[in-house]
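Engineer: I have a structure I would like to understand better, so I am pasting it below and will then ask my questions one at a time.
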Amino acid sequence: MSTDIDARGLACPQPVIATKKALDAIADGVVTTIVDNAAAKENVVKFAAASGCGVSVEEQGGHYRIRITKGAPVAADKSGPGDRPDGRPTGDTVYLITKDTLGHGSDDLGAILTKSFFYTVRESQPLPKAILFINGGVRLSVAGSPVLDHLRALAAAGVTVLSCGTCLDFFGLKDELAVGGVTNMYTILDHLTAGKAITL
Amino acid sequence: MLRHLPQSNDPRLLVGTATADDAGVYRLDDHTALILTVDFFTPIVDDPYTFGQIAAANALSDVYAMGGRPLTALNIVAFPACDLEGDTLPAILRGGWDKVTEAGAIIAGGHTIDDPEPKYGLSVTGLVHPEKIWTNAGARPGDALVLTKPLGTGILATAAKADLYPAGVAASIQTMTTLNAKAAQAATGFTIHACTDITGFGLLGHIFEMTSASGTRAEIASAALPLLPDAADAAAMGLVPAGAYTNRGYLTAVDFAAGVSEKLRDLCFDPQTSGGLLFALPAAEADALLAALKSAGVSHAARIGHILAQGRGEIHVY
């Protein structure tokens, strides 16, 4: 599926809004946005990257053609060479992870259960659409996390892995993020309402 | 723009166009100088009363940035003649009136012209002692830089046009309608070497005016910058006004450390409306100034960097 948006002559933030609407309307596919100034190009590229989409830009005759691919494997930055997309399908489940131990009762047991949970998710079929980390959950997506290998493998397999930027800031972990991207409440809400959301 | 005009060499003109300062200053006698400034723009928020408040706070700010107190103001209005009978223009003027009154000044008159695109602002006259003027040019090596308002009003104005980030937009309106009076008042007891207010050229553009006028350099700690809520998220989402990119292209004397994120770089160039004051003062006085600002209710004030010796305005952001 492919959509073209001619955003030439539009002032900021209109090119971003038009691109967002087109991307919201499709589950996966390609949106090509054409803009005529560098500020709009930068903004649409930023928006695509923040939305977890693939993006490439081609300049031709004073215009920029920005090709945005939704549903492409999220850039598995910082993942090791052993992590390869294995092509398994992703479903529509979205996990909202709110803390770094699973369940109540014992945090020691919770830590063990967390490892077991992400191992099981990694082996599950279909894979979740997205895993979102908020509040204490962001401790799982940063350096030193016991489940980093599982998350990197999931990201490499096409699962969207996002951590709340405000939360990373709050815990002083912004520079420690080791898998996936940083996101905001707006995107988190988009994911929660678009998929089958499970909060842990 | 003014570099295309001849500069006055009248000795009574204490601050003219040479140092890209916030306002002109004209000496009347040994104890009194006039501060003269004007600013007006198109509506940046939907609510007319709020727009009037913001335009007035923004115009008055130049007087505070020179170390003075505002005395009188004249309205400058462009408005479509066919809508003159409606409620909009009175609401704009009421917002301006209330802010000028809050500043302890008076509106002495004004002028309106017919224009399909509304514009509002004020020409403000203030008073300052000729030996107590805060200019751009006095920053000295070793000075600390203190900023009094959070950044992000341009990015959040773009977010408002997209109906996104309502909490951040509300906080932005709150900061834009806040006078710089308390911040200026809190700083009067300190050794202020230089001061400017942060407006259309963004944080780094106005720091550059200060460092280049002072023959110095500056180092800015990006992690210390006070930010409006949602501003960094909105920047990452591509809600960055064209003016930020213009500022970025124009300022070549800036270098960023590799670890400074793209959204923070955008915020450094984001054009501000009714932004905060930026003080350069001896580093030993910085903590006391911050304490005085906080107790005066200027709660977002932060020490964001310092001035280095000998340069042509270069800024390093880490």
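Identifiers in the structure tokens: chain A, B, ... in order shown; residue index from 1 per chain; ligand index from 1 in order shown.
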If we count only C-alpha atoms, which residues of chain A reach to within 6 Å of chain B? Please list them as a JSON list (two decimals) with C-alpha atoms, in the first residue's frame.

Structural biologist:
[["chain", "number", "residue", "atom", "x", "y", "z"],
["A", 13, "PRO", "CA", 3.40, 22.01, 11.08],
["A", 39, "ALA", "CA", 12.60, 22.94, 7.48],
["A", 43, "ASN", "CA", 10.46, 17.98, 10.52],
["A", 44, "VAL", "CA", 8.87, 15.15, 8.53],
["A", 46, "LYS", "CA", 12.07, 13.69, 12.63],
["A", 47, "PHE", "CA", 8.41, 12.72, 12.86],
["A", 50, "ALA", "CA", 10.02, 9.31, 16.23]]

Engineer: Using backbone DSSP assignments, extract all helix (DSSP H, G or I) residues from stretch 165-221 of chain B; output them as a PyMOL selection string.

Structural biologist: chain B and resi 166-176+181-187+202-214

Engineer: Give me a file of those residues, with C-alpha atoms, as a JSON list (two decimals), in the first residue's frame.

Structural biologist:
[["chain", "number", "residue", "atom", "x", "y", "z"],
["B", 166, "PRO", "CA", -2.02, 20.74, 25.30],
["B", 167, "ALA", "CA", -0.23, 20.63, 28.69],
["B", 168, "GLY", "CA", 2.97, 22.00, 27.18],
["B", 169, "VAL", "CA", 1.07, 24.62, 25.22],
["B", 170, "ALA", "CA", -0.69, 25.81, 28.40],
["B", 171, "ALA", "CA", 2.64, 26.05, 30.24],
["B", 172, "SER", "CA", 4.08, 27.96, 27.30],
["B", 173, "ILE", "CA", 1.25, 30.51, 27.39],
["B", 174, "GLN", "CA", 1.80, 30.88, 31.14],
["B", 175, "THR", "CA", 5.49, 31.69, 30.66],
["B", 176, "MET", "CA", 4.89, 34.04, 27.70],
["B", 181, "ALA", "CA", 9.87, 42.40, 36.08],
["B", 182, "LYS", "CA", 10.47, 40.10, 39.06],
["B", 183, "ALA", "CA", 13.57, 38.59, 37.47],
["B", 184, "ALA", "CA", 15.02, 42.04, 36.75],
["B", 185, "GLN", "CA", 14.13, 43.28, 40.24],
["B", 186, "ALA", "CA", 15.75, 40.24, 41.89],
["B", 187, "ALA", "CA", 18.97, 40.90, 39.95],
["B", 202, "GLY", "CA", 16.69, 31.72, 20.08],
["B", 203, "LEU", "CA", 18.91, 31.03, 23.09],
["B", 204, "LEU", "CA", 22.13, 30.64, 21.11],
["B", 205, "GLY", "CA", 21.40, 33.60, 18.82],
["B", 206, "HIS", "CA", 21.08, 35.92, 21.81],
["B", 207, "ILE", "CA", 24.06, 34.39, 23.61],
["B", 208, "PHE", "CA", 26.02, 35.06, 20.42],
["B", 209, "GLU", "CA", 24.95, 38.72, 20.48],
["B", 210, "MET", "CA", 26.32, 38.90, 24.02],
["B", 211, "THR", "CA", 29.58, 37.02, 23.43],
["B", 212, "SER", "CA", 30.37, 38.73, 20.13],
["B", 213, "ALA", "CA", 29.63, 42.19, 21.56],
["B", 214, "SER", "CA", 31.83, 41.33, 24.58]]

Engineer: Any idea what the distance is between atom CA of B:Thr125 and atom CA of B:Ala65?

Structural biologist: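 These two atoms are separated by 12.9 Å.
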
Engineer: Could you pull the residues within 9 Å of B:Tyr318, counting only C-alpha atoms, minus those fewer than 6 positions along the same chain, as number ranges by chain?

Structural biologist: B: 219-223, 255-260

Engineer: Extract, using only C-alpha atoms, all DNA, RNA and protein residues at most 12 Å from A:Gly9, discarding same-chain residues fewer than 4 positions from it, and format them as a PyMOL selection string.

Structural biologist: chain A and resi 5+13-15+34-37+40+63

Engineer: B:Leu14: which residues within 9 Å, counting only C-alpha atoms, same-chain residues fewer than 4 positions away excluded, as a PyMOL selection string?

Structural biologist: chain B and resi 10+24-27+33+130

Engineer: Please write the residues from the selection above to a file, keeping N, CA and C atoms, as a CSV table (one decimal), in the first residue's frame.

Structural biologist:
chain,number,residue,atom,x,y,z
B,10,ASP,N,26.0,60.8,18.0
B,10,ASP,CA,25.6,61.7,19.1
B,10,ASP,C,26.0,61.1,20.4
B,24,GLY,N,17.2,51.0,22.5
B,24,GLY,CA,18.1,52.2,22.5
B,24,GLY,C,18.1,52.9,23.8
B,25,VAL,N,19.2,53.5,24.2
B,25,VAL,CA,19.2,54.3,25.4
B,25,VAL,C,19.8,55.7,25.2
B,26,TYR,N,19.1,56.7,25.6
B,26,TYR,CA,19.4,58.1,25.3
B,26,TYR,C,19.5,58.8,26.7
B,27,ARG,N,20.7,59.4,26.9
B,27,ARG,CA,21.0,60.1,28.1
B,27,ARG,C,20.3,61.5,28.2
B,33,ALA,N,18.4,58.3,32.0
B,33,ALA,CA,18.5,58.0,30.6
B,33,ALA,C,17.2,57.3,30.2
B,130,PRO,N,22.1,56.2,34.0
B,130,PRO,CA,23.0,56.0,32.9
B,130,PRO,C,24.2,55.1,33.2

Engineer: Using atom CA of A:Asp149 and atom CA of A:Ile198 as the two end points, give the distance in Å to one decimal.

Structural biologist: 21.7 Å

Engineer: Would you mind reading off the distance between atom CA of A:Asn184 and atom CA of A:Thr166, one decimal, in Å?

Structural biologist: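 Computed distance, atom CA of A:Asn184 to atom CA of A:Thr166, equals 7.3 Å.
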
Engineer: Please list as a PDB file with N, CA and C atoms, in the first residue's frame every residue within 6 Å of stretch 42-48 of chain B, counting only C-alpha atoms and excluding residues in the same chain fewer than 2 positions away.

Structural biologist:
ATOM      1  N   THR B  50      -5.289  36.885  25.679  1.00  0.00           N
ATOM      2  CA  THR B  50      -3.967  36.288  25.948  1.00  0.00           C
ATOM      3  C   THR B  50      -2.924  36.845  24.987  1.00  0.00           C
ATOM      4  N   PHE B  51      -3.311  36.990  23.705  1.00  0.00           N
ATOM      5  CA  PHE B  51      -2.382  37.556  22.719  1.00  0.00           C
ATOM      6  C   PHE B  51      -1.940  38.957  23.144  1.00  0.00           C
ATOM      7  N   THR B  88     -13.010  41.298  19.319  1.00  0.00           N
ATOM      8  CA  THR B  88     -11.634  40.801  19.311  1.00  0.00           C
ATOM      9  C   THR B  88     -10.623  41.884  19.662  1.00  0.00           C
ATOM     10  N   ALA B  91     -10.513  43.021  23.231  1.00  0.00           N
ATOM     11  CA  ALA B  91      -9.912  42.006  24.111  1.00  0.00           C
ATOM     12  C   ALA B  91      -8.392  42.046  24.025  1.00  0.00           C
ATOM     13  N   ILE B  92      -7.873  42.205  22.785  1.00  0.00           N
ATOM     14  CA  ILE B  92      -6.411  42.308  22.620  1.00  0.00           C
ATOM     15  C   ILE B  92      -5.888  43.504  23.415  1.00  0.00           C
ATOM     16  N   PRO B 118      -4.140  40.846  11.333  1.00  0.00           N
ATOM     17  CA  PRO B 118      -3.991  41.586  12.591  1.00  0.00           C
ATOM     18  C   PRO B 118      -2.554  41.536  13.119  1.00  0.00           C
ATOM     19  N   LYS B 119      -2.162  42.641  13.704  1.00  0.00           N
ATOM     20  CA  LYS B 119      -0.861  42.711  14.385  1.00  0.00           C
ATOM     21  C   LYS B 119      -1.038  43.598  15.605  1.00  0.00           C
TER      22      LYS B 119
END

Engineer: Considering only C-alpha atoms, give me a table of residues in stretch 101-156 of chain B that are at most 12 Å from stretch 286-289 of chain B, with the closest atom pair and distance in Å for each, as CSV.

Structural biologist:
residue,atom,partner,partner_atom,distance
B:Gly142,CA,B:Ala286,CA,11.1
B:Asp143,CA,B:Ala286,CA,8.6
B:Ala144,CA,B:Ala286,CA,6.3
B:Leu145,CA,B:Ala286,CA,8.0
B:Val146,CA,B:Ala286,CA,7.4
B:Leu147,CA,B:Leu289,CA,10.8
B:Thr148,CA,B:Leu289,CA,10.5
